[in-house]
$ cat input.csv   # CSV, C-alpha atoms
chain,number,residue,atom,x,y,z
A,1,MET,CA,91.0,69.9,140.1
A,2,ASP,CA,93.5,72.6,139.1
A,3,GLY,CA,92.1,75.9,140.3
A,4,GLY,CA,94.2,77.7,137.7
A,5,GLY,CA,91.9,76.6,134.9
A,6,SER,CA,92.6,74.8,131.7
A,7,GLY,CA,95.7,75.3,129.5
A,8,GLU,CA,93.5,77.4,127.2
A,9,ASP,CA,92.4,79.6,130.1
A,10,ARG,CA,96.0,80.2,131.0
A,11,PHE,CA,96.9,80.9,127.4
A,12,ILE,CA,94.2,83.5,127.1
A,13,ALA,CA,95.1,85.0,130.5
A,14,ARG,CA,98.7,85.3,129.4
A,15,PHE,CA,98.4,86.7,125.9
A,16,PHE,CA,95.0,88.3,125.4
A,17,ARG,CA,93.6,89.4,128.7
A,18,PRO,CA,96.2,92.2,129.0
A,19,ILE,CA,95.1,93.7,125.7
A,20,ALA,CA,91.3,93.4,126.2
A,21,GLY,CA,90.8,96.9,127.5
A,22,SER,CA,87.1,97.4,126.9
A,23,PRO,CA,84.5,96.8,129.7
A,24,ALA,CA,82.5,95.1,127.0
A,25,ALA,CA,85.1,92.2,127.0
A,26,LEU,CA,84.2,91.4,130.6
A,27,GLY,CA,87.9,90.7,131.2
A,28,LEU,CA,87.6,87.7,128.8
A,29,MET,CA,86.2,85.8,131.7
A,30,ASP,CA,82.9,84.9,130.2
A,31,ASP,CA,81.6,83.0,127.1
A,32,ALA,CA,80.5,86.2,125.4
A,33,ALA,CA,81.0,89.9,125.3
A,34,LEU,CA,78.3,92.5,126.3
A,35,LEU,CA,78.3,95.5,123.9
A,36,THR,CA,75.9,98.5,123.9
A,37,PRO,CA,75.9,100.3,120.6
A,38,PRO,CA,76.2,104.1,120.7
A,39,ASP,CA,72.8,105.9,120.7
A,40,GLY,CA,71.4,106.6,117.2
A,41,CYS,CA,73.8,104.1,115.5
A,42,ASP,CA,73.5,101.0,113.5
A,43,LEU,CA,75.9,98.1,113.9
A,44,VAL,CA,78.2,97.2,111.0
A,45,LEU,CA,79.8,93.7,111.1
A,46,THR,CA,82.5,92.2,108.9
A,47,LYS,CA,84.7,89.1,109.0
A,48,ASP,CA,88.0,88.3,107.3
A,49,ALA,CA,90.5,85.5,107.8
A,50,VAL,CA,94.2,85.4,107.1
A,51,VAL,CA,96.0,82.1,106.6
A,52,ALA,CA,99.7,81.4,106.6
A,53,GLY,CA,100.9,80.6,103.1
A,54,VAL,CA,98.0,82.4,101.5
A,55,HIS,CA,97.8,85.9,103.0
A,56,PHE,CA,101.2,86.0,104.7
A,57,PHE,CA,104.4,84.2,104.7
A,58,PRO,CA,105.0,81.7,107.6
A,59,ASP,CA,108.2,83.5,108.5
A,60,ASP,CA,106.6,87.0,108.6
A,61,PRO,CA,107.0,88.8,112.0
A,62,PRO,CA,104.1,87.7,114.2
A,63,ALA,CA,103.4,91.4,115.1
A,64,ALA,CA,103.0,92.2,111.4
A,65,VAL,CA,100.6,89.2,111.0
A,66,ALA,CA,98.5,90.4,113.9
A,67,ARG,CA,98.3,93.9,112.5
A,68,LYS,CA,97.4,92.7,109.0
A,69,ALA,CA,94.6,90.5,110.5
A,70,LEU,CA,93.0,93.4,112.3
A,71,ARG,CA,93.6,96.0,109.6
A,72,VAL,CA,92.0,94.1,106.7
A,73,ASN,CA,88.8,94.1,108.8
A,74,LEU,CA,89.1,97.7,109.7
A,75,SER,CA,89.4,98.6,106.0
A,76,ASP,CA,86.0,97.0,105.4
A,77,LEU,CA,84.5,99.1,108.2
A,78,ALA,CA,86.0,102.3,106.8
A,79,ALA,CA,84.5,101.7,103.4
A,80,LYS,CA,81.1,101.4,104.9
A,81,GLY,CA,81.5,104.7,106.8
A,82,ALA,CA,81.8,103.0,110.1
A,83,ALA,CA,83.9,103.6,113.2
A,84,PRO,CA,85.3,100.5,115.0
A,85,LEU,CA,83.8,99.3,118.3
A,86,GLY,CA,85.7,96.1,118.8
A,87,ALA,CA,86.6,92.7,117.4
A,88,LEU,CA,86.2,89.0,118.1
A,89,LEU,CA,89.3,86.9,117.4
A,90,ALA,CA,89.5,83.2,116.5
A,91,LEU,CA,93.1,81.9,116.5
A,92,ALA,CA,94.0,78.4,115.1
A,93,LEU,CA,97.6,77.5,116.0
A,94,PRO,CA,99.7,74.4,115.3
A,95,LYS,CA,100.7,72.7,118.5
A,96,GLY,CA,104.2,73.7,119.5
A,97,THR,CA,103.9,77.2,118.3
A,98,PRO,CA,106.7,79.0,120.3
A,99,ASP,CA,105.8,81.4,123.1
A,100,ALA,CA,108.0,84.0,121.4
A,101,TRP,CA,105.7,83.9,118.4
A,102,MET,CA,102.6,84.4,120.5
A,103,GLU,CA,104.3,87.2,122.5
A,104,GLY,CA,105.1,89.1,119.2
A,105,PHE,CA,101.5,88.5,117.9
A,106,ALA,CA,99.9,89.8,121.1
A,107,THR,CA,102.2,92.8,121.2
A,108,GLY,CA,101.4,93.8,117.6
A,109,LEU,CA,97.7,93.2,118.1
A,110,GLY,CA,97.6,95.1,121.4
A,111,ALA,CA,99.3,98.1,119.8
A,112,ASP,CA,96.9,98.2,116.9
A,113,THR,CA,93.8,97.8,119.0
A,114,MET,CA,94.9,100.9,120.9
A,115,LEU,CA,95.9,102.8,117.8
A,116,TYR,CA,92.6,102.2,116.0
A,117,GLY,CA,90.3,102.1,119.0
A,118,CYS,CA,89.2,98.5,118.3
A,119,PRO,CA,89.6,96.4,121.5
A,120,ILE,CA,89.5,92.6,121.4
A,121,LEU,CA,86.1,91.6,123.0
A,122,GLY,CA,86.5,87.8,122.9
A,123,GLY,CA,86.8,84.9,120.6
A,124,ASP,CA,88.3,81.4,120.6
A,125,THR,CA,91.7,79.6,120.5
A,126,VAL,CA,92.1,76.2,119.0
A,127,SER,CA,94.9,73.9,117.8
A,128,THR,CA,95.2,72.9,114.2
A,129,PRO,CA,97.3,70.4,112.2
A,130,GLY,CA,97.3,73.0,109.4
A,131,PRO,CA,98.8,76.4,109.0
A,132,VAL,CA,98.2,79.3,111.4
A,133,THR,CA,94.7,80.7,110.7
A,134,ILE,CA,93.5,84.0,112.2
A,135,THR,CA,89.8,85.0,111.8
A,136,LEU,CA,88.6,88.4,113.1
A,137,THR,CA,85.0,89.6,113.2
A,138,ALA,CA,85.1,93.4,113.5
A,139,LEU,CA,82.1,95.4,114.8
A,140,GLY,CA,81.6,99.0,114.0
A,141,ALA,CA,79.0,101.7,114.3
A,142,VAL,CA,77.5,104.1,111.8
A,143,PRO,CA,74.9,106.8,112.4
A,144,LYS,CA,71.5,105.5,111.4
A,145,GLY,CA,71.0,106.0,107.7
A,146,GLY,CA,74.8,106.6,107.2
A,147,PHE,CA,75.8,103.1,106.0
A,148,VAL,CA,77.6,103.4,102.6
A,149,PRO,CA,76.6,100.4,100.4
A,150,ARG,CA,78.4,98.7,97.6
A,151,THR,CA,75.1,98.9,95.6
A,152,GLY,CA,74.5,102.6,95.4
A,153,ALA,CA,76.5,103.6,92.3
A,154,ARG,CA,74.5,105.2,89.5
A,155,PRO,CA,75.4,106.2,85.9
A,156,GLY,CA,77.3,109.5,85.6
A,157,GLN,CA,79.2,109.4,88.9
A,158,ALA,CA,82.9,110.0,89.4
A,159,ILE,CA,85.0,107.0,90.5
A,160,PHE,CA,87.6,107.7,93.1
A,161,VAL,CA,90.3,105.6,94.8
A,162,THR,CA,92.4,106.4,97.9
A,163,GLY,CA,96.1,106.2,98.4
A,164,THR,CA,98.3,104.4,95.9
A,165,ILE,CA,97.5,101.1,94.0
A,166,GLY,CA,99.7,98.1,93.4
A,167,ASP,CA,102.3,98.5,96.1
A,168,ALA,CA,101.3,95.4,98.0
A,169,ALA,CA,101.0,93.2,94.9
A,170,LEU,CA,104.4,94.4,93.8
A,171,GLY,CA,105.7,93.9,97.3
A,172,LEU,CA,104.6,90.3,97.1
A,173,ARG,CA,106.3,89.8,93.8
A,174,LEU,CA,109.4,91.3,95.2
A,175,ARG,CA,109.2,89.0,98.2
A,176,GLN,CA,108.7,86.0,95.9
A,177,ASN,CA,111.4,86.9,93.3
A,178,GLY,CA,113.6,89.9,94.3
A,179,ASP,CA,115.9,89.2,91.4
A,180,LEU,CA,113.4,90.3,88.7
A,181,PRO,CA,115.1,93.0,86.5
A,182,ALA,CA,112.2,95.4,87.3
A,183,PHE,CA,113.3,95.5,90.9
A,184,ALA,CA,117.0,95.6,90.4
A,185,GLY,CA,117.1,99.3,90.0
A,186,LEU,CA,115.0,100.2,93.0
A,187,SER,CA,116.6,101.9,95.9
A,188,GLU,CA,116.5,100.1,99.3
A,189,GLU,CA,114.0,102.7,100.4
A,190,ARG,CA,111.6,101.9,97.6
A,191,ARG,CA,112.1,98.2,98.0
A,192,ALA,CA,111.3,98.6,101.7
A,193,HIS,CA,108.2,100.6,100.8
A,194,LEU,CA,106.7,97.9,98.7
A,195,LEU,CA,107.5,95.2,101.2
A,196,ASP,CA,105.9,97.2,104.0
A,197,ARG,CA,102.8,97.9,102.1
A,198,TYR,CA,102.3,94.1,101.7
A,199,LEU,CA,102.9,93.5,105.4
A,200,HIS,CA,101.0,96.5,106.8
A,201,PRO,CA,97.7,97.6,105.2
A,202,GLN,CA,96.6,101.2,106.1
A,203,PRO,CA,92.9,101.2,106.8
A,204,ARG,CA,91.4,104.5,105.8
A,205,LEU,CA,89.2,105.0,108.8
A,206,ALA,CA,89.7,108.8,108.7
A,207,LEU,CA,87.7,108.8,105.4
A,208,ALA,CA,84.7,107.1,106.9
A,209,PRO,CA,82.7,110.3,107.8
A,210,VAL,CA,83.6,111.8,104.4
A,211,LEU,CA,82.2,108.7,102.7
A,212,ARG,CA,79.0,109.0,104.7
A,213,ARG,CA,78.6,112.6,103.5
A,214,PHE,CA,79.4,112.3,99.8
A,215,ALA,CA,79.7,108.7,98.5
A,216,ALA,CA,76.9,106.9,96.8
A,217,ALA,CA,78.8,103.6,96.9
A,218,ALA,CA,82.1,102.3,98.3
A,219,MET,CA,84.1,99.2,99.0
A,220,ASP,CA,87.6,98.4,100.0
A,221,VAL,CA,90.1,97.1,97.4
A,222,SER,CA,91.3,93.7,98.7
A,223,ASP,CA,91.4,91.5,95.6
A,224,GLY,CA,92.5,93.9,93.0
A,225,LEU,CA,91.5,97.4,91.8
A,226,ALA,CA,90.0,96.4,88.4
A,227,GLY,CA,88.2,93.3,89.6
A,228,ASP,CA,86.8,95.0,92.8
A,229,LEU,CA,85.6,98.0,90.8
A,230,ALA,CA,83.9,95.6,88.4
A,231,LYS,CA,82.2,93.9,91.3
A,232,MET,CA,80.9,97.2,92.8
A,233,LEU,CA,79.5,98.3,89.4
A,234,ALA,CA,77.8,94.9,88.8
A,235,ALA,CA,76.3,95.0,92.3
A,236,SER,CA,75.0,98.5,91.5
A,237,GLY,CA,73.6,97.5,88.1
A,238,CYS,CA,75.7,99.9,86.0
A,239,GLY,CA,79.0,99.9,84.1
A,240,GLY,CA,82.0,102.2,84.0
A,241,ARG,CA,85.3,103.1,82.6
A,242,MET,CA,88.7,103.4,84.3
A,243,GLU,CA,91.7,105.2,82.8
A,244,ALA,CA,94.9,103.4,83.8
A,245,ARG,CA,96.9,106.6,83.5
A,246,ARG,CA,94.9,108.1,86.3
A,247,VAL,CA,95.4,105.3,88.8
A,248,PRO,CA,97.8,106.6,91.5
A,249,LEU,CA,101.1,104.8,91.8
A,250,SER,CA,103.8,105.3,94.4
A,251,GLY,CA,107.2,106.3,93.3
A,252,ALA,CA,108.3,102.7,93.9
A,253,ALA,CA,105.5,101.1,92.0
A,254,ALA,CA,105.9,103.6,89.1
A,255,ALA,CA,109.6,102.8,88.8
A,256,ALA,CA,109.0,99.1,88.7
A,257,VAL,CA,106.3,99.5,86.1
A,258,GLU,CA,108.6,101.7,84.0
A,259,ALA,CA,111.2,99.0,84.1
A,260,ASP,CA,108.7,96.3,83.2
A,261,GLY,CA,105.5,97.4,81.6
A,262,GLY,CA,103.9,94.0,82.3
A,263,LEU,CA,103.9,94.9,86.0
A,264,LEU,CA,101.1,97.4,85.3
A,265,LYS,CA,98.7,94.5,85.1
A,266,THR,CA,100.0,93.2,88.4
A,267,ALA,CA,99.4,96.7,90.0
A,268,LEU,CA,95.9,97.0,88.6
A,269,THR,CA,94.7,93.4,89.4
A,270,GLY,CA,96.8,92.3,92.4
A,271,GLY,CA,95.3,92.1,95.9
A,272,ASP,CA,96.1,93.5,99.3
A,273,ASP,CA,95.8,97.2,98.5
A,274,TYR,CA,93.2,97.8,101.2
A,275,GLU,CA,92.4,101.2,99.7
A,276,ILE,CA,88.9,102.4,99.1
A,277,LEU,CA,86.9,102.8,95.9
A,278,ALA,CA,84.1,105.3,96.0
A,279,CYS,CA,81.5,106.5,93.5
A,280,VAL,CA,80.6,110.2,94.1
A,281,PRO,CA,77.9,112.3,92.3
A,282,HIS,CA,79.5,114.9,90.1
A,283,ASP,CA,78.0,117.8,92.0
A,284,ALA,CA,79.8,116.6,95.1
A,285,VAL,CA,83.2,115.9,93.6
A,286,SER,CA,84.8,119.2,94.7
A,287,ALA,CA,83.5,119.0,98.2
A,288,PHE,CA,84.5,115.3,98.5
A,289,THR,CA,88.0,116.1,97.3
A,290,VAL,CA,88.4,118.9,99.8
A,291,ALA,CA,87.0,116.9,102.7
A,292,ALA,CA,89.2,113.9,101.9
A,293,ALA,CA,92.3,116.2,101.9
A,294,GLU,CA,91.2,117.7,105.3
A,295,ALA,CA,90.9,114.2,106.6
A,296,GLY,CA,94.5,113.5,105.5
A,297,VAL,CA,93.5,110.9,102.9
A,298,PRO,CA,94.7,111.3,99.3
A,299,VAL,CA,92.1,110.5,96.6
A,300,ALA,CA,92.4,110.3,92.8
A,301,LEU,CA,89.6,110.4,90.2
A,302,ILE,CA,90.2,107.4,88.0
A,303,GLY,CA,87.0,107.1,85.9
A,304,GLU,CA,83.2,107.4,85.6
A,305,THR,CA,80.2,105.2,85.9
A,306,ARG,CA,77.8,104.8,82.9
A,307,GLU,CA,74.6,103.2,81.7
A,308,ALA,CA,76.2,100.1,80.1
A,309,HIS,CA,77.3,97.0,82.0
A,310,GLY,CA,80.9,96.0,82.6
A,311,LEU,CA,84.1,97.9,83.2
A,312,ASP,CA,86.3,99.2,80.4
A,313,VAL,CA,89.9,99.9,81.2
A,314,THR,CA,92.0,102.0,78.9
A,315,ASP,CA,95.7,102.8,78.6
A,316,ALA,CA,97.4,106.2,78.2
A,317,GLY,CA,96.5,106.2,74.5
A,318,GLY,CA,92.8,105.4,75.1
A,319,HIS,CA,93.2,101.8,73.9
A,320,PRO,CA,91.5,99.0,75.8
A,321,LEU,CA,93.6,97.0,78.3
A,322,ASP,CA,92.9,93.3,78.7
A,323,LEU,CA,93.3,92.6,82.4
A,324,GLY,CA,91.8,89.1,82.4
A,325,SER,CA,89.6,88.5,85.5
A,326,GLY,CA,90.9,91.7,87.0
A,327,SER,CA,91.4,90.4,90.5
A,328,PHE,CA,92.6,87.6,92.7
A,329,SER,CA,90.2,84.8,93.5
A,330,HIS,CA,90.5,82.1,96.2
A,331,PHE,CA,88.4,79.7,94.1

$ encode --input "input.csv" --output "structure tokens"
Amino acid sequence: MDGGGSGEDRFIARFFRPIAGSPAALGLMDDAALLTPPDGCDLVLTKDAVVAGVHFFPDDPPAAVARKALRVNLSDLAAKGAAPLGALLALALPKGTPDAWMEGFATGLGADTMLYGCPILGGDTVSTPGPVTITLTALGAVPKGGFVPRTGARPGQAIFVTGTIGDAALGLRLRQNGDLPAFAGLSEERRAHLLDRYLHPQPRLALAPVLRRFAAAAMDVSDGLAGDLAKMLAASGCGGRMEARRVPLSGAAAAAVEADGGLLKTALTGGDDYEILACVPHDAVSAFTVAAAEAGVPVALIGETREAHGLDVTDAGGHPLDLGSGSFSHF
């Protein structure tokens, strides 16, 4: 027999063993990893998949694809108040995928595992007749009792969101149809901003300890701000209102919306923001805002929870906005 192992063994040794820096990974030489949680912590686990033609374009840079696959999972950990411990990777590739693609993918993934302290601990590699599919299971740790649930919102709390909303959805529209009049007047810098926000989510891990201290409920915004907020409120058994004028837009998104008012709905309902929604008791609003600023994460107060069920969204004049389902859905 060939002492060098199977083709899959050599594939793993070439592309993934060099970026598996944690002792828990056992050098990717075993069938499982061995992870000891930090003392006094609970484990937090999440899994997300990204698929070519659904979550990214087949011609996107492979390094960007790898970063997105990791970061969308880290965003979930951040919203739960957790710090990353590592991740398991399942990679399904069509036969004949060029080595250059894999080299770019491994380079991007390795850089982000170092940046965010989330080493690859193991996983699986398979061939597929379909599109490239990347599934990551991220493992995090949160001090016991510090997990921030989706279900903890109560009437009379302030609703916050981090960062800016709609950049990724507008970046996708720009990628699909760059000739739309709304994008014609954007500078190259603003166009690049929207495109980059679609390619490279920014997980708000710095906010995790702030959420543990002040948030009653939190979740990341992956499928659209309005729809995801409605999901969190429903899970918590309360309702809420959101003022569209308070939703933070980047300069690029604001310019596109000003040129075409219909794009406001895209910004409020489109996916891939990977920002964080949080419900904060009113007596903690000031402290939460200060702590978020100290963590380097911008936050905006966009509404309030209430007794009634459902989410009402109003425009600048206080009139109801019809946003349909409010979010992207795979089914």

$ closest_residue --input "input.csv" --among "A:Gly163, A:Pro149, A:Pro38, A:Gly7" --to "Val299 of chain A" --atoms "only C-alpha atoms"
A:Gly163

$ atom_distance --input "input.csv" --atom1 "atom CA of Pro143 of chain A" --atom2 "atom CA of Arg204 of chain A"
17.9 Å

$ atom_distance --input "input.csv" --atom1 "atom CA of Asp273 of chain A" --atom2 "atom CA of Leu91 of chain A"
23.8 Å

$ closest_atom_pairs --input "input.csv" --of "segment 180-284 of chain A" --to "segment 115-119 of chain A" --cutoff "12 Å" --atoms "all atoms listed in the file" --output "JSON lines"
{"residue": "A:Gln202", "atom": "CA", "partner": "A:Tyr116", "partner_atom": "CA", "distance": 10.7}
{"residue": "A:Pro203", "atom": "CA", "partner": "A:Tyr116", "partner_atom": "CA", "distance": 9.3}
{"residue": "A:Arg204", "atom": "CA", "partner": "A:Tyr116", "partner_atom": "CA", "distance": 10.5}
{"residue": "A:Leu205", "atom": "CA", "partner": "A:Tyr116", "partner_atom": "CA", "distance": 8.4}
{"residue": "A:Ala206", "atom": "CA", "partner": "A:Tyr116", "partner_atom": "CA", "distance": 10.3}

$ atom_distance --input "input.csv" --atom1 "atom CA of Gly296 of chain A" --atom2 "atom CA of Ala78 of chain A"
14.1 Å

$ residues_near_point --input "input.csv" --point "(93.9, 83.9, 123.3)" --cutoff "8 Å" --atoms "all atoms listed in the file" --output "list in words"
Glu8, Phe11, Ile12, Ala13, Arg14, Phe15, Phe16, Arg17, Leu91, Gly123, Asp124 and Thr125 of chain A

$ closest_residue --input "input.csv" --among "A:Asp315, A:Asp228, A:Glu189, A:Glu103" --to "Ala252 of chain A" --atoms "only C-alpha atoms"
A:Glu189

$ closest_residue --input "input.csv" --among "A:Ala83, A:Met102, A:Leu249, A:Leu77" --to "Val65 of chain A" --atoms "all atoms listed in the file"
A:Met102

$ residues_near_point --input "input.csv" --point "(77.7, 100.6, 98.4)" --cutoff "9 Å" --atoms "only C-alpha atoms" --output "list in words"
Ala79, Lys80, Phe147, Val148, Pro149, Arg150, Thr151, Gly152, Ala153, Ala215, Ala216, Ala217, Ala218, Met219, Met232, Ala235, Ser236, Ala278 and Cys279 of chain A

$ residues_around --input "input.csv" --residues "Asp48 of chain A" --least-positions-apart "4" --cutoff "9 Å" --atoms "all atoms listed in the file" --output "PyMOL selection string"
chain A and resi 69-70+72-73+134-138

$ write_last_selection --input "input.csv" --atoms "C-alpha atoms" --output "PDB file, in the frame of the given file"
ATOM      1  CA  ALA A  69      94.600  90.500 110.500  1.00  0.00           C
ATOM      2  CA  LEU A  70      93.000  93.400 112.300  1.00  0.00           C
ATOM      3  CA  VAL A  72      92.000  94.100 106.700  1.00  0.00           C
ATOM      4  CA  ASN A  73      88.800  94.100 108.800  1.00  0.00           C
ATOM      5  CA  ILE A 134      93.500  84.000 112.200  1.00  0.00           C
ATOM      6  CA  THR A 135      89.800  85.000 111.800  1.00  0.00           C
ATOM      7  CA  LEU A 136      88.600  88.400 113.100  1.00  0.00           C
ATOM      8  CA  THR A 137      85.000  89.600 113.200  1.00  0.00           C
ATOM      9  CA  ALA A 138      85.100  93.400 113.500  1.00  0.00           C
TER      10      ALA A 138
END

$ residues_around --input "input.csv" --residues "Leu26 of chain A" --least-positions-apart "4" --cutoff "12 Å" --atoms "only C-alpha atoms" --output "PyMOL selection string"
chain A and resi 17+20-22+30-35+119-122

$ closest_residue --input "input.csv" --among "A:Val290, A:Leu229, A:Ala106, A:Ala256" --to "Ala64 of chain A" --atoms "all atoms listed in the file"
A:Ala106

$ closest_residue --input "input.csv" --among "A:Gly224, A:Thr36, A:Ala255, A:Ser286" --to "Ala184 of chain A" --atoms "all atoms listed in the file"
A:Ala255

$ closest_residue --input "input.csv" --among "A:Thr289, A:Asn177, A:Thr107, A:Ser250" --to "Pro18 of chain A" --atoms "only C-alpha atoms"
A:Thr107

$ axis_aligned_box --input "input.csv" --around "segment 195-198 of chain A" --padding-each-side "3 Å" --output "JSON"
{"center_x": 104.9, "center_y": 96.0, "center_z": 102.6, "size_x": 11.2, "size_y": 9.8, "size_z": 8.8}

$ residues_around --input "input.csv" --residues "Ala244 of chain A" --least-positions-apart "5" --cutoff "7 Å" --atoms "all atoms listed in the file" --output "PyMOL selection string"
chain A and resi 313-316

$ write_last_selection --input "input.csv" --atoms "C-alpha atoms" --output "mmCIF file, in the coordinates of the input"
data_model
loop_
_atom_site.group_PDB
_atom_site.id
_atom_site.type_symbol
_atom_site.label_atom_id
_atom_site.label_comp_id
_atom_site.auth_asym_id
_atom_site.auth_seq_id
_atom_site.Cartn_x
_atom_site.Cartn_y
_atom_site.Cartn_z
ATOM 1 C CA VAL A 313 89.900 99.900 81.200
ATOM 2 C CA THR A 314 92.000 102.000 78.900
ATOM 3 C CA ASP A 315 95.700 102.800 78.600
ATOM 4 C CA ALA A 316 97.400 106.200 78.200
#
